[in-house]
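Structure file start_7.pdb with PDB, C-alpha atoms and all ligand atoms:
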ATOM      1  CA  MET A   1       0.000   0.000   0.000
ATOM      2  CA  VAL A   2       1.123   3.561  -0.667
ATOM      3  CA  PRO A   3       3.069   5.030   2.316
ATOM      4  CA  VAL A   4       1.174   7.559   4.460
ATOM      5  CA  VAL A   5       2.647  10.277   6.671
ATOM      6  CA  ARG A   6       0.470  11.870   9.334
ATOM      7  CA  ALA A   7       2.715  14.655  10.694
ATOM      8  CA  SER A   8       3.785  17.860   8.923
ATOM      9  CA  ARG A   9       7.442  17.366   9.815
ATOM     10  CA  ASP A  10       7.392  13.852   8.280
ATOM     11  CA  PHE A  11       5.766  15.223   5.137
ATOM     12  CA  ARG A  12       8.454  17.919   4.884
ATOM     13  CA  ARG A  13      11.178  15.282   5.310
ATOM     14  CA  ALA A  14       9.626  12.856   2.778
ATOM     15  CA  CYS A  15       9.405  15.667   0.209
ATOM     16  CA  GLN A  16      12.973  16.775   0.902
ATOM     17  CA  GLU A  17      14.240  13.223   0.339
ATOM     18  CA  ALA A  18      12.139  12.794  -2.812
ATOM     19  CA  ARG A  19      13.488  15.986  -4.372
ATOM     20  CA  VAL A  20      16.992  14.440  -4.386
ATOM     21  CA  ASP A  21      15.727  12.074  -7.116
ATOM     22  CA  GLY A  22      14.341  14.854  -9.348
ATOM     23  CA  PRO A  23      11.231  17.016  -9.569
ATOM     24  CA  LEU A  24       8.372  16.549  -7.136
ATOM     25  CA  ALA A  25       4.716  16.820  -8.196
ATOM     26  CA  LEU A  26       2.019  17.640  -5.648
ATOM     27  CA  VAL A  27      -1.699  16.833  -5.859
ATOM     28  CA  PRO A  28      -3.564  18.613  -3.027
ATOM     29  CA  THR A  29      -7.018  17.138  -2.304
ATOM     30  CA  MET A  30      -9.701  16.993   0.376
ATOM     31  CA  GLY A  31     -10.065  13.238  -0.103
ATOM     32  CA  PHE A  32     -13.041  11.110  -1.155
ATOM     33  CA  LEU A  33     -11.047  10.696  -4.327
ATOM     34  CA  HIS A  34     -12.579   9.999  -7.743
ATOM     35  CA  ASP A  35     -11.339   9.617 -11.338
ATOM     36  CA  GLY A  36     -10.708  13.362 -11.561
ATOM     37  CA  HIS A  37      -8.103  13.073  -8.802
ATOM     38  CA  GLY A  38      -6.782   9.875 -10.437
ATOM     39  CA  SER A  39      -6.155  11.802 -13.661
ATOM     40  CA  LEU A  40      -4.242  14.497 -11.712
ATOM     41  CA  ILE A  41      -2.014  11.867 -10.096
ATOM     42  CA  ARG A  42      -1.372  10.181 -13.449
ATOM     43  CA  ALA A  43      -0.575  13.561 -15.056
ATOM     44  CA  GLY A  44       1.827  14.195 -12.156
ATOM     45  CA  ARG A  45       3.599  10.919 -12.920
ATOM     46  CA  ASN A  46       4.289  12.147 -16.451
ATOM     47  CA  LEU A  47       5.960  15.254 -15.055
ATOM     48  CA  ALA A  48       7.945  13.978 -12.093
ATOM     49  CA  PRO A  49       9.355  10.731 -10.663
ATOM     50  CA  THR A  50       7.638  11.447  -7.324
ATOM     51  CA  VAL A  51       3.986  12.391  -6.847
ATOM     52  CA  ALA A  52       2.838  13.379  -3.352
ATOM     53  CA  VAL A  53      -0.902  13.499  -2.648
ATOM     54  CA  THR A  54      -2.317  15.429   0.304
ATOM     55  CA  ILE A  55      -5.670  14.564   1.870
ATOM     56  CA  PHE A  56      -6.974  17.217   4.242
ATOM     57  CA  VAL A  57     -10.506  18.554   4.669
ATOM     58  CA  ASN A  58      -9.435  22.138   5.260
ATOM     59  CA  PRO A  59     -11.683  23.784   7.869
ATOM     60  CA  THR A  60     -10.701  27.365   6.990
ATOM     61  CA  GLN A  61     -12.299  27.193   3.533
ATOM     62  CA  PHE A  62     -15.764  26.297   4.898
ATOM     63  CA  ALA A  63     -18.198  28.913   6.223
ATOM     64  CA  PRO A  64     -20.012  27.997   9.481
ATOM     65  CA  ASN A  65     -23.225  27.158   7.532
ATOM     66  CA  GLU A  66     -21.419  24.884   5.031
ATOM     67  CA  ASP A  67     -20.790  21.136   4.897
ATOM     68  CA  LEU A  68     -17.495  20.735   6.823
ATOM     69  CA  SER A  69     -18.895  18.245   9.351
ATOM     70  CA  ARG A  70     -20.608  16.056   6.763
ATOM     71  CA  TYR A  71     -17.955  16.313   4.009
ATOM     72  CA  PRO A  72     -17.499  12.706   2.771
ATOM     73  CA  ARG A  73     -14.419  10.880   4.044
ATOM     74  CA  ASP A  74     -12.960   7.464   3.163
ATOM     75  CA  LEU A  75      -9.224   7.296   3.874
ATOM     76  CA  GLU A  76      -8.924   3.575   3.090
ATOM     77  CA  GLY A  77     -10.614   3.968  -0.310
ATOM     78  CA  ASP A  78      -8.506   7.072  -0.995
ATOM     79  CA  LEU A  79      -5.263   5.209  -0.313
ATOM     80  CA  ARG A  80      -6.341   2.455  -2.713
ATOM     81  CA  ARG A  81      -7.040   5.026  -5.420
ATOM     82  CA  CYS A  82      -3.703   6.774  -4.787
ATOM     83  CA  GLU A  83      -1.905   3.438  -5.098
ATOM     84  CA  GLU A  84      -3.752   2.553  -8.334
ATOM     85  CA  ALA A  85      -3.011   5.937  -9.895
ATOM     86  CA  GLY A  86       0.692   5.716  -9.024
ATOM     87  CA  ALA A  87       1.094   8.157  -6.110
ATOM     88  CA  SER A  88       4.455   7.848  -4.331
ATOM     89  CA  PHE A  89       3.221   8.810  -0.856
ATOM     90  CA  VAL A  90       0.304  10.500   0.872
ATOM     91  CA  PHE A  91       0.158  13.205   3.523
ATOM     92  CA  ALA A  92      -3.059  12.820   5.531
ATOM     93  CA  PRO A  93      -2.616  15.057   8.593
ATOM     94  CA  GLY A  94      -3.477  13.146  11.766
ATOM     95  CA  SER A  95      -5.250  16.222  13.106
ATOM     96  CA  PRO A  96      -6.015  19.770  11.875
ATOM     97  CA  SER A  97      -3.349  21.059  14.289
ATOM     98  CA  GLU A  98      -0.699  19.549  11.986
ATOM     99  CA  ILE A  99      -1.664  22.371   9.598
ATOM    100  CA  TYR A 100      -3.059  24.959  12.010
ATOM    101  CA  ALA A 101      -0.892  24.755  15.122
ATOM    102  CA  PRO A 102      -2.148  26.488  18.284
ATOM    103  CA  GLY A 103      -1.668  30.244  17.870
ATOM    104  CA  PHE A 104      -2.009  30.116  14.076
ATOM    105  CA  GLN A 105      -3.081  33.569  12.835
ATOM    106  CA  THR A 106      -1.573  34.267   9.400
ATOM    107  CA  PHE A 107      -3.717  33.971   6.252
ATOM    108  CA  VAL A 108      -3.150  34.525   2.531
ATOM    109  CA  GLU A 109      -5.660  37.009   1.088
ATOM    110  CA  PRO A 110      -6.296  36.574  -2.655
ATOM    111  CA  GLY A 111      -6.978  39.593  -4.908
ATOM    112  CA  PRO A 112      -9.663  40.523  -7.446
ATOM    113  CA  LEU A 113      -9.720  37.050  -9.049
ATOM    114  CA  ALA A 114     -11.487  35.909  -5.865
ATOM    115  CA  ALA A 115     -14.213  38.572  -6.043
ATOM    116  CA  PRO A 116     -16.741  37.124  -8.564
ATOM    117  CA  LEU A 117     -18.464  33.728  -8.926
ATOM    118  CA  CYS A 118     -17.776  31.388  -5.970
ATOM    119  CA  GLY A 119     -15.748  34.109  -4.233
ATOM    120  CA  GLY A 120     -18.803  36.366  -4.131
ATOM    121  CA  ARG A 121     -21.082  33.564  -2.881
ATOM    122  CA  ARG A 122     -18.656  32.023  -0.366
ATOM    123  CA  PRO A 123     -16.894  34.903   1.447
ATOM    124  CA  GLY A 124     -13.564  33.786   2.916
ATOM    125  CA  HIS A 125     -13.532  30.516   0.954
ATOM    126  CA  PHE A 126     -10.566  31.341  -1.273
ATOM    127  CA  ARG A 127      -8.677  32.910   1.648
ATOM    128  CA  GLY A 128      -8.862  29.491   3.331
ATOM    129  CA  VAL A 129      -7.901  27.700   0.104
ATOM    130  CA  CYS A 130      -4.904  29.979  -0.525
ATOM    131  CA  THR A 131      -3.704  29.659   3.040
ATOM    132  CA  VAL A 132      -3.725  25.865   3.105
ATOM    133  CA  VAL A 133      -2.248  25.547  -0.380
ATOM    134  CA  ALA A 134       0.523  28.045   0.461
ATOM    135  CA  LYS A 135       1.324  25.916   3.506
ATOM    136  CA  LEU A 136       1.376  22.710   1.429
ATOM    137  CA  PHE A 137       3.667  24.384  -1.122
ATOM    138  CA  ALA A 138       5.955  25.585   1.693
ATOM    139  CA  LEU A 139       6.109  22.149   3.334
ATOM    140  CA  SER A 140       6.645  20.234   0.092
ATOM    141  CA  ARG A 141       8.570  22.784  -2.015
ATOM    142  CA  ALA A 142       7.007  20.882  -4.922
ATOM    143  CA  ASP A 143       8.173  21.737  -8.434
ATOM    144  CA  VAL A 144       4.679  21.382  -9.888
ATOM    145  CA  ALA A 145       1.192  21.134  -8.428
ATOM    146  CA  LEU A 146      -1.867  19.894 -10.288
ATOM    147  CA  PHE A 147      -5.449  21.122  -9.885
ATOM    148  CA  GLY A 148      -8.674  20.142 -11.652
ATOM    149  CA  GLU A 149     -10.391  22.741 -13.816
ATOM    150  CA  LYS A 150     -13.803  21.929 -12.355
ATOM    151  CA  ASP A 151     -12.682  24.491  -9.783
ATOM    152  CA  TYR A 152     -11.409  26.775 -12.536
ATOM    153  CA  GLN A 153     -11.554  29.934 -10.400
ATOM    154  CA  GLN A 154      -9.594  28.160  -7.656
ATOM    155  CA  PHE A 155      -6.963  27.091 -10.205
ATOM    156  CA  LEU A 156      -6.517  30.697 -11.459
ATOM    157  CA  ILE A 157      -6.315  32.094  -7.919
ATOM    158  CA  ILE A 158      -3.731  29.521  -6.818
ATOM    159  CA  ARG A 159      -1.644  30.055  -9.962
ATOM    160  CA  ARG A 160      -1.716  33.810  -9.322
ATOM    161  CA  MET A 161      -0.803  33.314  -5.651
ATOM    162  CA  ALA A 162       2.175  31.088  -6.526
ATOM    163  CA  ALA A 163       3.445  33.707  -9.003
ATOM    164  CA  ASP A 164       2.769  36.725  -6.747
ATOM    165  CA  LEU A 165       4.456  35.163  -3.714
ATOM    166  CA  ASP A 166       7.331  33.526  -5.658
ATOM    167  CA  LEU A 167       6.453  30.184  -4.141
ATOM    168  CA  GLY A 168       8.554  28.293  -6.704
ATOM    169  CA  THR A 169       5.803  25.799  -7.569
ATOM    170  CA  GLU A 170       4.411  25.711 -11.103
ATOM    171  CA  VAL A 171       0.604  25.437 -10.970
ATOM    172  CA  ILE A 172      -0.972  23.311 -13.687
ATOM    173  CA  GLY A 173      -4.690  23.021 -14.465
ATOM    174  CA  ARG A 174      -6.051  19.768 -15.865
ATOM    175  CA  PRO A 175      -9.293  19.180 -17.797
ATOM    176  CA  ILE A 176     -12.521  18.236 -16.035
ATOM    177  CA  VAL A 177     -13.229  14.495 -15.859
ATOM    178  CA  ARG A 178     -16.919  13.748 -16.474
ATOM    179  CA  GLU A 179     -19.283  10.845 -15.876
ATOM    180  CA  PRO A 180     -20.563   9.215 -19.091
ATOM    181  CA  ASP A 181     -23.691  11.421 -18.890
ATOM    182  CA  GLY A 182     -21.613  14.604 -18.607
ATOM    183  CA  LEU A 183     -21.797  15.283 -14.863
ATOM    184  CA  ALA A 184     -18.426  16.650 -13.698
ATOM    185  CA  ARG A 185     -16.789  14.280 -11.204
ATOM    186  CA  SER A 186     -16.879  15.741  -7.705
ATOM    187  CA  SER A 187     -16.652  14.381  -4.175
ATOM    188  CA  ARG A 188     -19.885  16.252  -3.432
ATOM    189  CA  ASN A 189     -21.780  14.146  -6.023
ATOM    190  CA  ALA A 190     -21.979  11.609  -3.170
ATOM    191  CA  TYR A 191     -24.619  13.866  -1.561
ATOM    192  CA  LEU A 192     -27.058  13.369  -4.463
ATOM    193  CA  SER A 193     -30.015  11.039  -3.858
ATOM    194  CA  PRO A 194     -30.910   8.442  -6.539
ATOM    195  CA  GLU A 195     -33.793  10.745  -7.535
ATOM    196  CA  GLU A 196     -31.522  13.808  -7.810
ATOM    197  CA  ARG A 197     -28.591  12.166  -9.609
ATOM    198  CA  PRO A 198     -30.125  12.087 -13.151
ATOM    199  CA  ARG A 199     -31.253  15.714 -12.793
ATOM    200  CA  ALA A 200     -27.680  16.779 -11.996
ATOM    201  CA  THR A 201     -26.881  16.443 -15.713
ATOM    202  CA  ALA A 202     -28.699  19.784 -16.143
ATOM    203  CA  LEU A 203     -25.362  21.593 -15.711
ATOM    204  CA  TRP A 204     -23.793  19.746 -18.634
ATOM    205  CA  LYS A 205     -26.989  20.153 -20.689
ATOM    206  CA  SER A 206     -26.890  23.859 -19.928
ATOM    207  CA  ILE A 207     -23.284  24.054 -21.201
ATOM    208  CA  LEU A 208     -24.168  22.106 -24.351
ATOM    209  CA  SER A 209     -27.199  24.271 -25.138
ATOM    210  CA  VAL A 210     -25.241  27.510 -24.640
ATOM    211  CA  ARG A 211     -22.426  26.214 -26.842
ATOM    212  CA  GLU A 212     -24.952  25.282 -29.517
ATOM    213  CA  ARG A 213     -26.565  28.742 -29.414
ATOM    214  CA  PHE A 214     -23.085  30.344 -29.564
ATOM    215  CA  ARG A 215     -22.208  28.177 -32.597
ATOM    216  CA  SER A 216     -25.430  29.360 -34.286
ATOM    217  CA  GLY A 217     -24.163  32.938 -34.014
ATOM    218  CA  GLU A 218     -25.620  34.299 -30.746
ATOM    219  CA  ARG A 219     -23.149  36.802 -29.263
ATOM    220  CA  ASP A 220     -25.306  38.577 -26.677
ATOM    221  CA  PRO A 221     -23.918  37.495 -23.274
ATOM    222  CA  ALA A 222     -27.221  38.230 -21.532
ATOM    223  CA  ALA A 223     -29.113  35.945 -23.956
ATOM    224  CA  LEU A 224     -26.584  33.124 -23.508
ATOM    225  CA  GLU A 225     -26.635  33.469 -19.701
ATOM    226  CA  ALA A 226     -30.440  33.489 -19.700
ATOM    227  CA  LEU A 227     -30.437  30.254 -21.715
ATOM    228  CA  ALA A 228     -28.038  28.684 -19.187
ATOM    229  CA  ARG A 229     -30.248  29.760 -16.254
ATOM    230  CA  ASP A 230     -33.435  28.509 -17.961
ATOM    231  CA  THR A 231     -31.923  25.090 -18.671
ATOM    232  CA  LEU A 232     -30.983  24.716 -15.007
ATOM    233  CA  ALA A 233     -34.296  26.035 -13.678
ATOM    234  CA  ARG A 234     -36.345  23.769 -15.982
ATOM    235  CA  ALA A 235     -34.638  20.738 -14.387
ATOM    236  CA  GLY A 236     -35.651  22.079 -10.965
ATOM    237  CA  LEU A 237     -32.237  23.384  -9.892
ATOM    238  CA  ARG A 238     -31.943  26.656  -7.970
ATOM    239  CA  VAL A 239     -29.459  28.806  -9.891
ATOM    240  CA  ASP A 240     -26.691  30.414  -7.839
ATOM    241  CA  TYR A 241     -24.954  31.921 -10.866
ATOM    242  CA  ALA A 242     -24.660  31.405 -14.624
ATOM    243  CA  GLU A 243     -22.093  33.827 -15.987
ATOM    244  CA  LEU A 244     -19.828  34.266 -18.978
ATOM    245  CA  ARG A 245     -16.338  35.431 -18.079
ATOM    246  CA  ASP A 246     -12.965  35.749 -19.785
ATOM    247  CA  PRO A 247     -10.706  32.761 -19.001
ATOM    248  CA  ASN A 248      -7.780  34.725 -17.545
ATOM    249  CA  GLU A 249      -9.043  37.534 -15.323
ATOM    250  CA  LEU A 250     -12.651  36.333 -14.926
ATOM    251  CA  GLN A 251     -14.029  39.668 -16.130
ATOM    252  CA  PRO A 252     -17.510  39.894 -17.722
ATOM    253  CA  VAL A 253     -17.348  39.908 -21.534
ATOM    254  CA  ALA A 254     -19.163  42.271 -23.905
ATOM    255  CA  SER A 255     -18.751  39.994 -26.909
ATOM    256  CA  PRO A 256     -18.019  36.311 -26.155
ATOM    257  CA  ASP A 257     -15.462  34.409 -28.233
ATOM    258  CA  PRO A 258     -14.622  30.687 -28.251
ATOM    259  CA  SER A 259     -12.260  31.060 -25.263
ATOM    260  CA  THR A 260     -14.967  32.712 -23.113
ATOM    261  CA  ARG A 261     -16.035  30.392 -20.301
ATOM    262  CA  LEU A 262     -19.496  29.720 -18.981
ATOM    263  CA  PHE A 263     -19.450  29.343 -15.169
ATOM    264  CA  LEU A 264     -22.355  27.625 -13.436
ATOM    265  CA  ALA A 265     -23.319  27.044  -9.818
ATOM    266  CA  ALA A 266     -26.701  25.620  -8.830
ATOM    267  CA  PHE A 267     -28.363  23.888  -5.908
ATOM    268  CA  LEU A 268     -30.028  20.521  -6.346
ATOM    269  CA  GLY A 269     -31.782  20.052  -3.029
ATOM    270  CA  LYS A 270     -29.088  20.898  -0.480
ATOM    271  CA  THR A 271     -26.198  20.041  -2.802
ATOM    272  CA  ARG A 272     -24.357  22.877  -4.503
ATOM    273  CA  LEU A 273     -22.907  21.807  -7.860
ATOM    274  CA  ILE A 274     -20.485  23.784 -10.037
ATOM    275  CA  ASP A 275     -19.264  23.375 -13.593
ATOM    276  CA  ASN A 276     -17.640  25.436 -16.335
ATOM    277  CA  ALA A 277     -16.469  25.156 -19.919
ATOM    278  CA  ALA A 278     -15.190  27.260 -22.802
ATOM    279  CA  LEU A 279     -17.844  28.111 -25.393
ATOM    280  CA  GLY A 280     -15.648  26.933 -28.248
ATOM    281  CA  GLU A 281     -14.483  23.582 -26.848
TER     282      GLU A 281
HETATM  283  O1  LIG B 301      -9.964  21.566  -4.448
HETATM  284  C1  LIG B 301      -9.807  21.113  -3.298
HETATM  285  O2  LIG B 301      -9.995  19.921  -3.044
HETATM  286  C2  LIG B 301      -9.378  22.043  -2.175
HETATM  287  O3  LIG B 301      -9.941  23.303  -2.324
HETATM  288  C3  LIG B 301      -7.850  22.144  -2.024
HETATM  289  C4  LIG B 301      -7.189  22.772  -3.236
HETATM  290  C5  LIG B 301      -7.258  20.762  -1.787
HETATM  291  C6  LIG B 301      -7.500  23.017  -0.814
HETATM  292  O4  LIG B 301      -8.052  22.510   0.358
END
Any chance you could give the structure as structure tokens?
Ligand code: PAF
Amino acid sequence: MVPVVRASRDFRRACQEARVDGPLALVPTMGFLHDGHGSLIRAGRNLAPTVAVTIFVNPTQFAPNEDLSRYPRDLEGDLRRCEEAGASFVFAPGSPSEIYAPGFQTFVEPGPLAAPLCGGRRPGHFRGVCTVVAKLFALSRADVALFGEKDYQQFLIIRRMAADLDLGTEVIGRPIVREPDGLARSSRNAYLSPEERPRATALWKSILSVRERFRSGERDPAALEALARDTLARAGLRVDYAELRDPNELQPVASPDPSTRLFLAAFLGKTRLIDNAALGE
């Protein structure tokens, strides 16, 4: 079975030793791993002889009303998946104090990239994400780190943070892995009931219908966003946002082009699902 370290100092030492053999790739996760994480680990293997995976449900990125206490966990299953995908070792902190020692008080505050979309709906979320990822980069001094583009805004914010703070880790985004019916793989899909699961494809259907309308020549962002919202609402989802944004700075666009991304967030029952895609993919 893949080796597991539970203490920060052991993780630091394992990474230090691994870097003697060449570049180190890091795959930070919150566990309950799925094929999306598997593809990140495999991509890491193509870039570096050592791939370290971290599994930590980071409390500072959850608001008090969010799902921290019920976030799905399955360390044994995760270790199996890490092994299958070719991870070299796993850091699964034995307790949150391995990351947030008593007296911890320093946070990383992201800039304007964190203002729209999920940043606007989940105040403080990206501050928590940046802080834990900065710590993981500092502990590991990884050469590259891989993140899934399902959390596209998170990927941009982390890449910006690594550049702004000269963290020395190259941040790489990898394509979304989808279920056969188009639903983006996510640990939170485990919350969906058997009745809700088929309706969750509304996000993918929304992306497909907006792409189709864009291909037919529609260039009015408001019309395309309205179509996205309608597709979600017709399937009974409560829309959180459906917005077209440029893929680099996440600014609204006056005239969408093929690189413009559609960003979606919607509630199905209590489960909040997100997805995104370029119009021209
Ligand atoms: O995407 C996630 O799973 C988390 O936000 C991350 C990057 C591991 C930080 O806790």
Within-7 Å residues of ligand LIG 301 (chain B), basis only C-alpha atoms and all ligand atoms, as number ranges by chain: A: 28-30, 56-58, 129, 132-133, 151
A:Arg127 environment, 8 Å, all atoms listed in the file, sequence neighbours closer than 3 positions dropped, as a ChimeraX atom specification: /A:60-61,107-110,124,130-131
Residues within 7 Å of A:Arg6, all atoms listed in the file, excluding chain neighbours under 3 positions, as a VMD selection string: chain A and resid 91 to 94
Length of the atom CA of A:Asp143 to atom CA of A:Tyr100 vector [Å]: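 Here the two named atoms are 23.5 Å from each other.
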Output of the PyMOL selection byres (((chain A and resi 137-142) around 9) and not hetatm), listed as a list in words: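 For this structure, the PyMOL selection byres (((chain A and resi 137-142) around 9) and not hetatm) captures Ser8, Arg9, Phe11, Arg12, Arg13, Ala14, Cys15, Gln16, Arg19, Pro23, Leu24, Ala25, Leu26, Ala52, Val132, Val133, Ala134, Lys135, Leu136, Asp143, Val144, Ala145, Ala162, Leu167, Gly168, Thr169 and Glu170 of chain A.
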For A:Ala278, the nearest of the candidates A:Ser97, A:Gln154, A:Ser209, A:Ser259, counting only C-alpha atoms: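 Smallest distance to A:Ala278 is found for A:Ser259.
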Hits from the PyMOL selection byres (((chain A and resi 114) around 12) and not hetatm), listed as JSON, numbers by chain: {"A": [108, 109, 110, 111, 112, 113, 115, 116, 117, 118, 119, 120, 121, 122, 123, 124, 125, 126, 127, 128, 129, 130, 152, 153, 154, 155, 156, 157, 158, 160, 161, 249, 250, 251]}
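Atom pair atom CA of A:Ile207 / atom CA of A:Pro252: separated by 17.2 Å.
Proximity to A:Pro175 was assessed for A:Phe214, A:Ala7, A:Val20, A:Leu146 counting all atoms listed in the file; the smallest distance is recorded for A:Leu146.
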Distance of atom CA of A:Val51 from atom CA of A:Phe89, expressed in Å to one decimal place: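 Result for atom CA of A:Phe89 versus atom CA of A:Val51: 7.0 Å, one decimal.
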